[in-house]
Amino acid sequence: MNILLIGSGGREHALAFALKASPLCTRLIAAPGNPGIAEAATCVALDPADQDAVVALCRAEAIDFVVIGPEAPLVAGLADRLEAEGIATFGPSAAAARLEGSKGFTKDLCARYGIPTAAYGRFSDRAAAEAYVRSHGAPIVIKADGLAAGKGVTVAMTLDEALAAVAECFAGTFGAAGAEVVVEEFLVGEEASFFALADGGFALPLASAQDHKRAFDGDRGPNTGGMGAYSPAPVMTEAMTERVMAEIIRPTVAAMAAMGAPFRGVLFAGLMITESGPKLIEYNVRFGDPETQVLMLRLDADLVALLKAARDG
Ligand code: AMP
Ligand code: GLY
């Protein structure tokens, strides 16, 4: 197969080496790629937001299978467009990518299907959000609803910090992503990243990992998107993995299918393992960065076959 990998991060670097190692891979092209990826793939300068350009590249290079790395093109519907053009693609539709693209969508889905997650309120009005924050008190968590490149979350340890975060969201710091704000109960426990492959109907556990979130030595800095990772996460025992599959992953995949937005791709659950069991912090609809860098080193299987099976059913 001629494979096109979309993305340019460390995650795509790790995916590129795993894709290239597959006997099913004839030729690997990455767009736009990066200098590390260039050791495994031919890099083509292109903006993944330009869907016409991606389709044109697929035609020019006789691409059989596209693997989309980052969330932004998925939320923007690149997988829908490629599939509509007859190009097999790994990655969810825009409708299914709402699991990452809208925190409010995911919270409502959890509430409706009894999926364990932090208690929350959704607000498009600043005064109402502030009133909710005051009535619950700190610690409390403030989130811009949409995609904010890992920067839209404030874990506020004081009321002042929480109110400042609400003000920041409504001041437009995160653009359209912050027009709606989710305010959440502060969860206490051990975090883990959990990855499952789904084909729209079935989900299979892939692996767990944990990333290092806070900047600076001794975890004294602000939250980041993750600056390093290890796998597996020790809290994710076999029994905990089965609980997460039963209580969180399978109900989500079933709910998405039931609403006509079947999830095909990798479902990445950010979890808090609390005293009362696993709770969903958030979903991502793609592999983690930097988690993928450790997952691909552990993978003892053909990545192309796995991703193609998730896409094909
Ligand atoms: P997110 O961008 O949603 O992954 O959030 C970034 C980080 O904020 C998470 O990895 C957690 O460390 C923390 N966080 C998010 N939501 C909560 C919550 N409800 N309680 C405690 N910590 C949270
Ligand atoms: N490392 C967290 C993420 O990829 O969202």
# chains A, B, ... in the order shown; residues from 1 in each chain; ligands from 1

$ residues_near_ligand --ligand "ligand 1" --cutoff "9 Å" --atoms "only C-alpha atoms and all ligand atoms" --output "VMD selection string"
chain A and resid 103 117 to 120 139 to 143 148 to 155 183 to 189 191 to 193 211 213 to 214 223 to 226 270 to 272 280 to 284

$ residues_around --residues "Gly33 of chain A" --least-positions-apart "6" --cutoff "12 Å" --atoms "only C-alpha atoms" --output "MDAnalysis selection string"
chainID A and resid 4:16 39:48 68:70

$ closest_residue --among "A:Pro23, A:Val244, A:Ile3, A:Arg122" --to "Ala301 of chain A" --atoms "only C-alpha atoms"
A:Pro23

$ atom_distance --atom1 "atom CA of Gly121 of chain A" --atom2 "atom CA of Thr106 of chain A"
12.3 Å

$ atom_distance --atom1 "atom 5 (O, counted along the ligand's line) of ligand 2" --atom2 "atom CA of Lys308 of chain A"
22.8 Å

$ residues_around --residues "Arg98 of chain A" --least-positions-apart "5" --cutoff "12 Å" --atoms "only C-alpha atoms" --output "number ranges by chain"
A: 71-72, 74-77, 92-93, 103-109, 145-147, 256, 261-263, 267, 282-286
